[in-house]
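Visitor: Handing over protein16.cif, mmCIF, C-alpha atoms.
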```cif
data_work
loop_
_atom_site.label_atom_id
_atom_site.label_comp_id
_atom_site.auth_asym_id
_atom_site.auth_seq_id
_atom_site.Cartn_x
_atom_site.Cartn_y
_atom_site.Cartn_z
CA MET A 236 -113.41 -70.74 89.03
CA PRO A 237 -109.73 -69.97 89.66
CA THR A 238 -107.44 -72.87 90.35
CA ILE A 239 -106.22 -72.77 93.95
CA SER A 240 -102.88 -73.98 95.21
CA ARG A 241 -102.14 -73.94 98.95
CA ILE A 242 -98.89 -75.88 99.10
CA GLY A 243 -96.25 -74.00 101.06
CA PRO A 244 -94.71 -70.98 99.36
CA PHE A 245 -96.62 -71.67 96.15
CA ARG A 246 -100.05 -71.02 97.64
CA GLY A 247 -102.24 -68.71 95.56
CA SER A 248 -104.47 -68.82 92.49
CA THR A 249 -104.03 -68.47 88.78
CA THR A 250 -106.23 -65.36 88.83
CA THR A 251 -104.07 -63.74 91.51
CA PHE A 252 -100.89 -64.77 89.70
CA GLY A 253 -102.14 -63.17 86.48
CA ALA A 254 -103.09 -60.00 88.33
CA LEU A 255 -99.62 -59.79 89.84
CA ILE A 256 -98.05 -60.21 86.40
CA GLY A 257 -100.17 -57.31 85.17
CA SER A 258 -99.16 -55.26 88.19
CA GLY A 259 -95.47 -55.87 87.47
CA PHE A 260 -96.01 -54.88 83.83
CA ARG A 261 -97.74 -51.62 84.78
CA ARG A 262 -95.12 -50.79 87.39
CA TYR A 263 -92.25 -50.88 84.91
CA ALA A 264 -94.30 -49.24 82.18
CA THR A 265 -94.24 -46.03 84.23
CA TYR A 266 -90.46 -45.66 83.78
CA ARG A 267 -90.56 -44.49 80.17
CA GLN A 268 -87.43 -42.34 80.28
CA ALA A 269 -85.46 -45.16 81.90
CA THR A 270 -86.67 -47.50 79.15
CA ILE A 271 -85.46 -45.15 76.44
CA ALA A 272 -82.11 -44.50 78.15
CA GLY A 273 -81.52 -48.20 78.83
CA THR A 274 -82.35 -49.16 75.27
CA PHE A 275 -79.96 -46.55 73.89
CA THR A 276 -77.18 -47.72 76.22
CA ASN A 277 -77.67 -51.37 75.27
CA THR A 278 -77.53 -50.43 71.59
CA VAL A 279 -74.29 -48.47 71.97
CA PHE A 280 -72.59 -51.30 73.83
CA GLY A 281 -73.89 -53.68 71.18
CA PHE A 282 -71.73 -51.95 68.57
CA LEU A 283 -68.64 -52.24 70.78
CA ARG A 284 -69.20 -55.92 71.53
CA CYS A 285 -70.04 -56.77 67.94
CA TYR A 286 -66.91 -55.18 66.51
CA VAL A 287 -64.74 -56.96 69.10
CA LEU A 288 -66.21 -60.40 68.33
CA LEU A 289 -66.09 -59.81 64.58
CA ALA A 290 -62.40 -58.93 64.95
CA VAL A 291 -61.93 -62.22 66.83
CA ALA A 292 -63.68 -64.08 63.99
CA ALA A 293 -61.52 -62.36 61.38
CA SER A 294 -58.31 -63.36 63.13
CA ALA A 295 -59.36 -66.94 63.96
CA ALA A 296 -58.30 -69.90 61.85
CA GLY A 297 -61.14 -70.72 59.50
CA GLY A 298 -63.07 -67.62 60.61
CA GLN A 299 -65.23 -69.63 63.04
CA PRO A 300 -64.09 -69.17 66.65
CA GLY A 301 -65.97 -71.53 68.95
CA GLY A 302 -67.98 -72.83 66.00
CA TYR A 303 -69.65 -69.48 65.22
CA ASP A 304 -69.37 -67.75 61.87
CA ALA A 305 -69.48 -63.94 61.60
CA ARG A 306 -73.26 -63.81 61.10
CA GLN A 307 -73.90 -66.05 64.09
CA LEU A 308 -71.60 -63.94 66.27
CA ALA A 309 -73.42 -60.76 65.23
CA THR A 310 -76.75 -62.42 66.03
CA TYR A 311 -75.35 -63.59 69.37
CA VAL A 312 -74.40 -60.03 70.27
CA TRP A 313 -77.53 -58.20 69.18
CA VAL A 314 -80.07 -60.68 70.47
CA GLY A 315 -78.08 -60.72 73.69
CA GLN A 316 -78.29 -56.95 73.99
CA GLY A 317 -82.05 -57.17 73.56
CA LEU A 318 -82.39 -60.02 76.06
CA LEU A 319 -80.23 -58.37 78.71
CA SER A 320 -83.05 -56.22 80.07
CA VAL A 321 -85.61 -58.98 79.56
CA ILE A 322 -83.76 -61.52 81.68
CA GLY A 323 -82.73 -58.85 84.17
CA ILE A 324 -79.51 -60.29 85.53
CA TRP A 325 -78.64 -57.26 87.66
CA GLY A 326 -80.20 -54.56 89.76
CA TRP A 327 -82.84 -56.37 91.80
CA THR A 328 -82.40 -55.94 95.57
CA GLU A 329 -86.02 -55.50 96.63
CA LEU A 330 -86.26 -58.67 98.72
CA ALA A 331 -82.98 -58.00 100.51
CA ASP A 332 -84.00 -54.40 101.20
CA ARG A 333 -87.35 -55.46 102.68
CA ILE A 334 -85.69 -58.10 104.85
CA ARG A 335 -83.21 -55.57 106.16
CA SER A 336 -85.91 -52.97 106.92
CA GLY A 337 -88.33 -55.50 108.42
CA ASP A 338 -91.01 -54.82 105.80
CA ILE A 339 -90.86 -58.49 104.83
CA ALA A 340 -93.09 -59.17 107.85
CA ALA A 341 -95.99 -57.53 106.01
CA ASP A 342 -95.29 -59.68 102.94
CA LEU A 343 -95.48 -62.85 105.03
CA LEU A 344 -98.96 -61.91 106.26
CA ARG A 345 -100.36 -61.78 102.75
CA PRO A 346 -102.25 -64.76 101.25
CA VAL A 347 -99.62 -65.10 98.49
CA SER A 348 -96.08 -65.99 99.49
CA PRO A 349 -93.22 -63.59 98.66
CA LEU A 350 -91.73 -66.12 96.22
CA VAL A 351 -94.89 -66.33 94.13
CA ALA A 352 -95.58 -62.59 94.31
CA TYR A 353 -92.07 -61.60 93.25
CA LEU A 354 -91.98 -64.23 90.50
CA ALA A 355 -95.23 -62.94 89.00
CA ALA A 356 -94.04 -59.34 89.19
CA ASP A 357 -90.77 -60.30 87.53
CA LEU A 358 -92.59 -62.03 84.68
CA GLY A 359 -94.58 -58.83 84.17
CA ARG A 360 -91.34 -56.84 84.11
CA ALA A 361 -89.85 -59.24 81.57
CA LEU A 362 -92.94 -59.00 79.37
CA TYR A 363 -92.72 -55.22 79.33
CA ALA A 364 -88.99 -55.37 78.55
CA MET A 365 -89.62 -57.82 75.71
CA LEU A 366 -92.18 -55.49 74.15
CA THR A 367 -90.14 -52.31 74.52
CA ARG A 368 -86.42 -53.09 74.87
CA PHE A 369 -85.81 -56.28 72.93
CA GLY A 370 -86.60 -55.00 69.43
CA PRO A 371 -84.62 -51.73 69.08
CA PRO A 372 -81.11 -53.20 69.59
CA LEU A 373 -81.95 -56.07 67.26
CA VAL A 374 -83.21 -53.67 64.57
CA ALA A 375 -80.07 -51.53 64.93
CA GLY A 376 -77.91 -54.61 64.57
CA ALA A 377 -79.81 -55.78 61.50
CA ILE A 378 -79.32 -52.39 59.84
CA PHE A 379 -75.54 -52.25 60.28
CA PHE A 380 -74.51 -55.91 60.38
CA PRO A 381 -75.45 -59.08 58.48
CA LEU A 382 -77.30 -61.31 60.97
CA HIS A 383 -77.99 -65.03 60.89
CA THR A 384 -81.55 -65.83 59.87
CA PRO A 385 -82.91 -69.05 61.46
CA VAL A 386 -83.39 -71.81 58.89
CA ARG A 387 -85.11 -74.43 61.09
CA TRP A 388 -88.81 -74.16 61.84
CA GLN A 389 -88.31 -75.11 65.50
CA THR A 390 -85.69 -72.46 66.25
CA VAL A 391 -87.99 -69.52 66.97
CA PRO A 392 -90.44 -71.48 69.20
CA LEU A 393 -87.50 -73.01 71.06
CA PHE A 394 -85.98 -69.57 71.51
CA ALA A 395 -89.24 -68.22 72.94
CA ILE A 396 -89.41 -71.11 75.43
CA SER A 397 -85.73 -70.71 76.23
CA ALA A 398 -86.15 -66.99 76.93
CA VAL A 399 -89.05 -67.61 79.36
CA LEU A 400 -87.03 -70.29 81.13
CA ALA A 401 -84.02 -67.97 81.31
CA VAL A 402 -86.16 -65.31 83.01
CA THR A 403 -87.44 -67.90 85.49
CA ILE A 404 -83.97 -69.29 86.26
CA CYS A 405 -82.53 -65.81 86.67
CA PHE A 406 -85.31 -64.87 89.05
CA GLY A 407 -84.69 -68.01 91.11
CA CYS A 408 -80.99 -67.21 91.34
CA ARG A 409 -81.58 -63.57 92.27
CA TYR A 410 -84.14 -64.61 94.88
CA LEU A 411 -81.63 -66.97 96.48
CA VAL A 412 -78.94 -64.28 96.50
CA ASN A 413 -81.35 -61.74 98.04
CA ALA A 414 -82.56 -64.31 100.59
CA THR A 415 -79.09 -64.45 102.14
CA ALA A 416 -80.20 -61.25 103.91
CA TYR A 417 -82.33 -63.44 106.19
CA TRP A 418 -79.06 -64.64 107.72
CA LEU A 419 -76.60 -61.87 106.89
CA GLN A 420 -78.93 -58.83 107.23
CA ASP A 421 -76.84 -57.11 104.54
CA ALA A 422 -76.74 -58.95 101.21
CA ARG A 423 -74.55 -56.51 99.31
CA GLY A 424 -71.61 -58.93 99.30
CA PRO A 425 -73.51 -61.87 97.73
CA ILE A 426 -75.25 -59.50 95.30
CA THR A 427 -71.90 -58.09 94.14
CA PHE A 428 -70.53 -61.61 93.72
CA TRP A 429 -73.62 -62.56 91.70
CA THR A 430 -73.18 -59.50 89.49
CA LEU A 431 -69.62 -60.51 88.63
CA CYS A 432 -70.29 -64.22 88.07
CA SER A 433 -73.57 -63.96 86.16
CA GLY A 434 -72.14 -61.71 83.48
CA VAL A 435 -68.90 -63.60 82.93
CA LEU A 436 -70.21 -67.15 83.30
CA GLY A 437 -73.64 -66.49 81.85
CA GLY A 438 -72.39 -65.74 78.35
CA LEU A 439 -72.92 -61.98 78.32
CA TYR A 440 -69.41 -60.68 77.72
CA PHE A 441 -68.35 -63.43 75.32
CA PRO A 442 -69.68 -66.80 74.14
CA LEU A 443 -68.68 -69.52 76.59
CA ARG A 444 -67.92 -71.77 73.62
CA LEU A 445 -64.69 -69.80 73.21
CA LEU A 446 -63.45 -71.46 76.40
CA PRO A 447 -62.09 -75.03 76.60
CA GLU A 448 -64.86 -77.54 75.95
CA GLU A 449 -64.36 -79.48 79.20
CA PHE A 450 -64.78 -76.33 81.27
CA THR A 451 -67.83 -75.20 79.31
CA VAL A 452 -69.61 -78.55 79.64
CA ALA A 453 -68.89 -78.71 83.37
CA LEU A 454 -70.16 -75.17 83.82
CA TRP A 455 -73.32 -75.93 81.85
CA VAL A 456 -74.14 -79.08 83.82
CA ALA A 457 -73.04 -77.99 87.30
CA THR A 458 -74.44 -74.44 87.39
CA PRO A 459 -77.49 -72.59 86.03
CA LEU A 460 -75.39 -69.66 84.79
CA PRO A 461 -75.03 -70.66 81.09
CA SER A 462 -78.82 -71.11 80.98
CA LEU A 463 -79.28 -67.38 81.57
CA LEU A 464 -77.99 -66.05 78.24
CA GLN A 465 -75.73 -68.59 76.56
CA THR A 466 -78.48 -71.13 75.92
CA PRO A 467 -81.10 -68.82 74.33
CA LEU A 468 -78.41 -67.13 72.25
CA ASP A 469 -77.02 -70.45 71.01
CA VAL A 470 -80.56 -71.55 70.18
CA ILE A 471 -81.39 -68.49 68.08
CA SER A 472 -77.99 -68.47 66.34
CA GLU A 473 -78.35 -72.19 65.56
CA ARG A 474 -74.85 -72.92 66.81
CA ASP A 475 -75.79 -76.58 67.39
CA GLY A 476 -77.80 -79.26 65.64
CA PRO A 477 -81.54 -79.72 66.36
CA ALA A 478 -81.03 -82.47 68.95
CA LEU A 479 -78.50 -80.54 71.04
CA GLN A 480 -80.54 -77.38 70.55
CA ALA A 481 -83.57 -79.06 72.16
CA GLY A 482 -81.36 -80.69 74.80
CA LEU A 483 -80.07 -77.33 75.98
CA VAL A 484 -83.63 -76.09 76.44
CA ALA A 485 -84.50 -79.30 78.32
CA LEU A 486 -81.56 -78.60 80.65
CA GLN A 487 -83.04 -75.16 81.25
CA VAL A 488 -86.28 -76.82 82.38
CA VAL A 489 -84.28 -78.81 84.94
CA TRP A 490 -82.54 -75.71 86.24
CA ALA A 491 -85.82 -73.78 86.43
CA VAL A 492 -87.29 -76.50 88.64
CA VAL A 493 -84.13 -76.72 90.76
CA THR A 494 -83.75 -72.97 91.34
CA LEU A 495 -87.42 -72.38 92.19
CA GLY A 496 -87.51 -75.46 94.40
CA LEU A 497 -84.37 -74.34 96.22
CA ALA A 498 -85.78 -70.81 96.60
CA ALA A 499 -88.98 -72.27 98.12
CA TRP A 500 -86.93 -74.39 100.54
CA VAL A 501 -84.79 -71.42 101.59
CA GLN A 502 -87.90 -69.29 102.08
CA ARG A 503 -89.45 -71.90 104.38
CA ARG A 504 -86.24 -72.17 106.42
CA ALA A 505 -85.98 -68.39 106.67
CA GLU A 506 -89.54 -68.00 107.91
CA ARG A 507 -88.76 -70.31 110.84
CA ARG A 508 -85.89 -68.18 112.07
CA LEU A 509 -86.98 -64.66 111.01
CA VAL A 510 -86.80 -62.10 113.80
CA VAL A 511 -88.06 -58.67 112.83
CA GLN A 512 -86.39 -55.85 114.66
CA GLY A 513 -88.71 -54.44 117.29
CA GLY A 514 -90.70 -57.58 118.10
#
```
Taking this structure as input, can you express it in the form of structure tokens?
Guide:
Amino acid sequence: MPTISRIGPFRGSTTTFGALIGSGFRRYATYRQATIAGTFTNTVFGFLRCYVLLAVAASAAGGQPGGYDARQLATYVWVGQGLLSVIGIWGWTELADRIRSGDIAADLLRPVSPLVAYLAADLGRALYAMLTRFGPPLVAGAIFFPLHTPVRWQTVPLFAISAVLAVTICFGCRYLVNATAYWLQDARGPITFWTLCSGVLGGLYFPLRLLPEEFTVALWVATPLPSLLQTPLDVISERDGPALQAGLVALQVVWAVVTLGLAAWVQRRAERRLVVQGG
């Protein structure tokens, strides 16, 4: 018997949730040419980013900018290029588009809330990206650059957990940004702002540890952005000791709960005031 949950926006069943994950997987599996093109692009930009950070390491005192050695920086870059499509920071405007067109009314009539349905579909997308787009950039990086090999037994399991949490947190953030369309009708402004902030403050363009420590700690504690990429990349590169490594993942758990809870609250508030054009 499937387990049923009927509490607010999380109503549904485990069977339905699994089916929606599979549906999201199959949907993105149809875009084979886009997968190949995106993987190639991520790999090309990986070379550019890696050479820049290696040049920073070579010119830094002690050869360890921000506490990373050259191997850890190369790992940071290439795992990050693989994770970029898995976490899916950019490009999702489906909720905002359906709110603007009024199609969201049909979603609200379904037995599964939009939050649960979109979360399941996004997990399916992330699973497909992990199977198809994570490996090639990492293999290319391993061929041309010496990478850091994890030496602790807990690193790989922690990284797997961290990656799943990063996908969940990113979805929660994107859902909140898209949900501004309930009030603004056009969410392009918030989406553009999210695109700028998530890349810079999420650890994509450069490791946040290169910034002053006080700013980095405040950013980590006060916002979910470093949990998107910086945390899983620090975990796999073993930048920190085991205790801090596990602590960063625990902080991701907190942000996953906060972002999904906030998304559920916003969805409930939006449903009370939603007026669909035409009736």
Visitor: Taking 6 positions as the minimum chain separation for residues in the same chain, which residues sit within 7 Å of Pro467 of chain A when counting only C-alpha atoms? Answer as a PyMOL selection string.
Guide: chain A and resi 394+397-398
Visitor: Can I get the selection written as a PDB file, in the coordinates of the input, with C-alpha atoms?
Guide:
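Final output, selection26.pdb:
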```pdb
ATOM      1  CA  PHE A 394     -85.980 -69.570  71.510  1.00  0.00           C
ATOM      2  CA  SER A 397     -85.730 -70.710  76.230  1.00  0.00           C
ATOM      3  CA  ALA A 398     -86.150 -66.990  76.930  1.00  0.00           C
TER       4      ALA A 398
END
```
Visitor: When you draw a straight line from atom CA of Leu354 of chain A to atom CA of Pro372 of chain A, how long is it in Å?
Guide: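 That distance, rounded to one decimal, is 26.0 Å.
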Visitor: Which residues are near segment 299-311 of chain A? Cut-off 10 Å, only C-alpha atoms, ignore same chain within fewer than 2 positions. Put them as a PyMOL selection string.
Guide: chain A and resi 281-282+284-286+288-297+313-316+373+376-377+380-385+438-439+441-448+464-465+467-475
Visitor: Please evaluate the PyMOL selection byres ((chain A and resi 264) around 12) against the displayed coordinates and give the resulting residues as number ranges by chain.
Guide: A: 257-263, 265-271, 359-368
Visitor: For atom CA of Ala416 of chain A and atom CA of Ala341 of chain A, determine how far apart the two atoms are, in Å to one decimal place.
Guide: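 Straight-line distance from atom CA of Ala416 of chain A to atom CA of Ala341 of chain A works out to 16.4 Å.
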Visitor: Residues picked by the PyMOL selection byres ((chain A and resi 502) around 9) here, as a ChimeraX atom specification?
Guide: /A:244,349-350,411,414,497-501,503-507
Visitor: How many Å lie between atom CA of Cys432 of chain A and atom CA of Leu358 of chain A, rounded to one decimal?
Guide: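 Those two atoms sit 22.7 Å apart.
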Visitor: Residues at most 8 Å from Ile404 of chain A, counting all atoms listed in the file, excluding those fewer than 4 positions away in the same chain, as a list in words?
Guide: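 Final neighbour list, sorted by chain and number: Leu400, Cys408, Pro459, Ser462, Leu463, Gln487, Trp490, Ala491, Thr494 and Leu495 of chain A.
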Visitor: Run the PyMOL selection byres ((chain A and resi 351) around 12) against the file shown and list the residues it catches, as an mmCIF file with C-alpha atoms, in the coordinates of the input.
Guide:
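The result, stored in part_20.cif:
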```
data_model
loop_
_atom_site.group_PDB
_atom_site.id
_atom_site.type_symbol
_atom_site.label_atom_id
_atom_site.label_comp_id
_atom_site.auth_asym_id
_atom_site.auth_seq_id
_atom_site.Cartn_x
_atom_site.Cartn_y
_atom_site.Cartn_z
ATOM 1 C CA SER A 240 -102.880 -73.980 95.210
ATOM 2 C CA ARG A 241 -102.140 -73.940 98.950
ATOM 3 C CA ILE A 242 -98.890 -75.880 99.100
ATOM 4 C CA GLY A 243 -96.250 -74.000 101.060
ATOM 5 C CA PRO A 244 -94.710 -70.980 99.360
ATOM 6 C CA PHE A 245 -96.620 -71.670 96.150
ATOM 7 C CA ARG A 246 -100.050 -71.020 97.640
ATOM 8 C CA GLY A 247 -102.240 -68.710 95.560
ATOM 9 C CA SER A 248 -104.470 -68.820 92.490
ATOM 10 C CA THR A 249 -104.030 -68.470 88.780
ATOM 11 C CA THR A 251 -104.070 -63.740 91.510
ATOM 12 C CA PHE A 252 -100.890 -64.770 89.700
ATOM 13 C CA GLY A 253 -102.140 -63.170 86.480
ATOM 14 C CA ALA A 254 -103.090 -60.000 88.330
ATOM 15 C CA LEU A 255 -99.620 -59.790 89.840
ATOM 16 C CA ILE A 256 -98.050 -60.210 86.400
ATOM 17 C CA ASP A 342 -95.290 -59.680 102.940
ATOM 18 C CA LEU A 343 -95.480 -62.850 105.030
ATOM 19 C CA ARG A 345 -100.360 -61.780 102.750
ATOM 20 C CA PRO A 346 -102.250 -64.760 101.250
ATOM 21 C CA VAL A 347 -99.620 -65.100 98.490
ATOM 22 C CA SER A 348 -96.080 -65.990 99.490
ATOM 23 C CA PRO A 349 -93.220 -63.590 98.660
ATOM 24 C CA LEU A 350 -91.730 -66.120 96.220
ATOM 25 C CA ALA A 352 -95.580 -62.590 94.310
ATOM 26 C CA TYR A 353 -92.070 -61.600 93.250
ATOM 27 C CA LEU A 354 -91.980 -64.230 90.500
ATOM 28 C CA ALA A 355 -95.230 -62.940 89.000
ATOM 29 C CA ALA A 356 -94.040 -59.340 89.190
ATOM 30 C CA ASP A 357 -90.770 -60.300 87.530
ATOM 31 C CA LEU A 358 -92.590 -62.030 84.680
ATOM 32 C CA THR A 403 -87.440 -67.900 85.490
ATOM 33 C CA PHE A 406 -85.310 -64.870 89.050
ATOM 34 C CA GLY A 407 -84.690 -68.010 91.110
ATOM 35 C CA TYR A 410 -84.140 -64.610 94.880
ATOM 36 C CA LEU A 495 -87.420 -72.380 92.190
ATOM 37 C CA GLY A 496 -87.510 -75.460 94.400
ATOM 38 C CA ALA A 498 -85.780 -70.810 96.600
ATOM 39 C CA ALA A 499 -88.980 -72.270 98.120
ATOM 40 C CA GLN A 502 -87.900 -69.290 102.080
#
```
Visitor: Hey, which of A:Thr430, A:Asp421, A:Val489, A:Trp455 ends up closest to Arg333 of chain A? Count all atoms listed in the file.
Guide: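 Closest to Arg333 of chain A of all the choices is A:Asp421.
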Visitor: Under the rule that all atoms listed in the file are counted, which of A:Phe280, A:Phe275, A:Trp388, A:Trp327 is the nearest residue to Trp429 of chain A?
Guide: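 Nearest to Trp429 of chain A: A:Trp327.
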Visitor: Give me segment 444-454 of chain A with all heavy atoms filled in, as a short mmCIF file (atom, residue, chain, number, x, y, z; two decimals), in the coordinates of the input.
Guide:
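The file below, result-v3.cif, is the result:
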```cif
data_model
loop_
_atom_site.label_atom_id
_atom_site.label_comp_id
_atom_site.auth_asym_id
_atom_site.auth_seq_id
_atom_site.Cartn_x
_atom_site.Cartn_y
_atom_site.Cartn_z
N ARG A 444 -68.51 -70.76 74.51
CA ARG A 444 -67.92 -71.77 73.62
C ARG A 444 -66.50 -71.40 73.20
O ARG A 444 -65.81 -72.21 72.59
CB ARG A 444 -68.80 -71.93 72.38
CG ARG A 444 -70.21 -72.46 72.69
CD ARG A 444 -70.17 -73.91 73.13
NE ARG A 444 -71.45 -74.52 73.38
CZ ARG A 444 -72.29 -74.97 72.45
NH1 ARG A 444 -71.99 -74.83 71.17
NH2 ARG A 444 -73.43 -75.54 72.78
N LEU A 445 -66.07 -70.19 73.49
CA LEU A 445 -64.69 -69.80 73.21
C LEU A 445 -63.73 -70.38 74.24
O LEU A 445 -62.52 -70.39 74.02
CB LEU A 445 -64.56 -68.27 73.18
CG LEU A 445 -65.39 -67.52 72.13
CD1 LEU A 445 -65.13 -66.03 72.23
CD2 LEU A 445 -65.09 -68.03 70.73
N LEU A 446 -64.26 -70.86 75.36
CA LEU A 446 -63.45 -71.46 76.40
C LEU A 446 -63.21 -72.94 76.10
O LEU A 446 -63.88 -73.50 75.23
CB LEU A 446 -64.15 -71.30 77.75
CG LEU A 446 -64.42 -69.86 78.21
CD1 LEU A 446 -65.25 -69.87 79.48
CD2 LEU A 446 -63.12 -69.09 78.41
N PRO A 447 -62.29 -73.59 76.80
CA PRO A 447 -62.09 -75.03 76.60
C PRO A 447 -63.38 -75.81 76.79
O PRO A 447 -64.17 -75.52 77.70
CB PRO A 447 -61.05 -75.39 77.67
CG PRO A 447 -60.30 -74.12 77.90
CD PRO A 447 -61.31 -73.02 77.74
N GLU A 448 -63.59 -76.82 75.95
CA GLU A 448 -64.86 -77.54 75.95
C GLU A 448 -65.15 -78.21 77.28
O GLU A 448 -66.30 -78.21 77.75
CB GLU A 448 -64.85 -78.59 74.83
CG GLU A 448 -66.16 -79.34 74.69
CD GLU A 448 -66.14 -80.33 73.55
OE1 GLU A 448 -65.11 -80.40 72.85
OE2 GLU A 448 -67.15 -81.03 73.36
N GLU A 449 -64.14 -78.79 77.93
CA GLU A 449 -64.36 -79.48 79.20
C GLU A 449 -64.90 -78.52 80.25
O GLU A 449 -65.82 -78.85 81.01
CB GLU A 449 -63.07 -80.12 79.70
CG GLU A 449 -62.51 -81.22 78.80
CD GLU A 449 -61.79 -80.67 77.58
OE1 GLU A 449 -61.59 -79.43 77.51
OE2 GLU A 449 -61.42 -81.47 76.70
N PHE A 450 -64.33 -77.33 80.30
CA PHE A 450 -64.78 -76.33 81.27
C PHE A 450 -66.20 -75.87 80.97
O PHE A 450 -67.03 -75.72 81.88
CB PHE A 450 -63.83 -75.13 81.26
CG PHE A 450 -64.25 -74.02 82.17
CD1 PHE A 450 -64.04 -74.11 83.54
CD2 PHE A 450 -64.88 -72.89 81.66
CE1 PHE A 450 -64.44 -73.08 84.39
CE2 PHE A 450 -65.28 -71.86 82.50
CZ PHE A 450 -65.05 -71.95 83.87
N THR A 451 -66.50 -75.66 79.70
CA THR A 451 -67.83 -75.20 79.31
C THR A 451 -68.90 -76.23 79.65
O THR A 451 -69.95 -75.88 80.20
CB THR A 451 -67.85 -74.90 77.80
OG1 THR A 451 -66.84 -73.94 77.49
CG2 THR A 451 -69.21 -74.35 77.39
N VAL A 452 -68.64 -77.49 79.34
CA VAL A 452 -69.61 -78.55 79.64
C VAL A 452 -69.84 -78.66 81.14
O VAL A 452 -70.99 -78.78 81.61
CB VAL A 452 -69.14 -79.89 79.05
CG1 VAL A 452 -70.05 -81.02 79.52
CG2 VAL A 452 -69.12 -79.83 77.52
N ALA A 453 -68.76 -78.63 81.92
CA ALA A 453 -68.89 -78.71 83.37
C ALA A 453 -69.69 -77.54 83.92
O ALA A 453 -70.54 -77.70 84.81
CB ALA A 453 -67.51 -78.75 84.02
N LEU A 454 -69.43 -76.36 83.38
CA LEU A 454 -70.16 -75.17 83.82
C LEU A 454 -71.64 -75.27 83.49
O LEU A 454 -72.51 -74.91 84.29
CB LEU A 454 -69.55 -73.93 83.16
CG LEU A 454 -70.02 -72.56 83.65
CD1 LEU A 454 -69.61 -72.35 85.10
CD2 LEU A 454 -69.43 -71.47 82.75
#
```
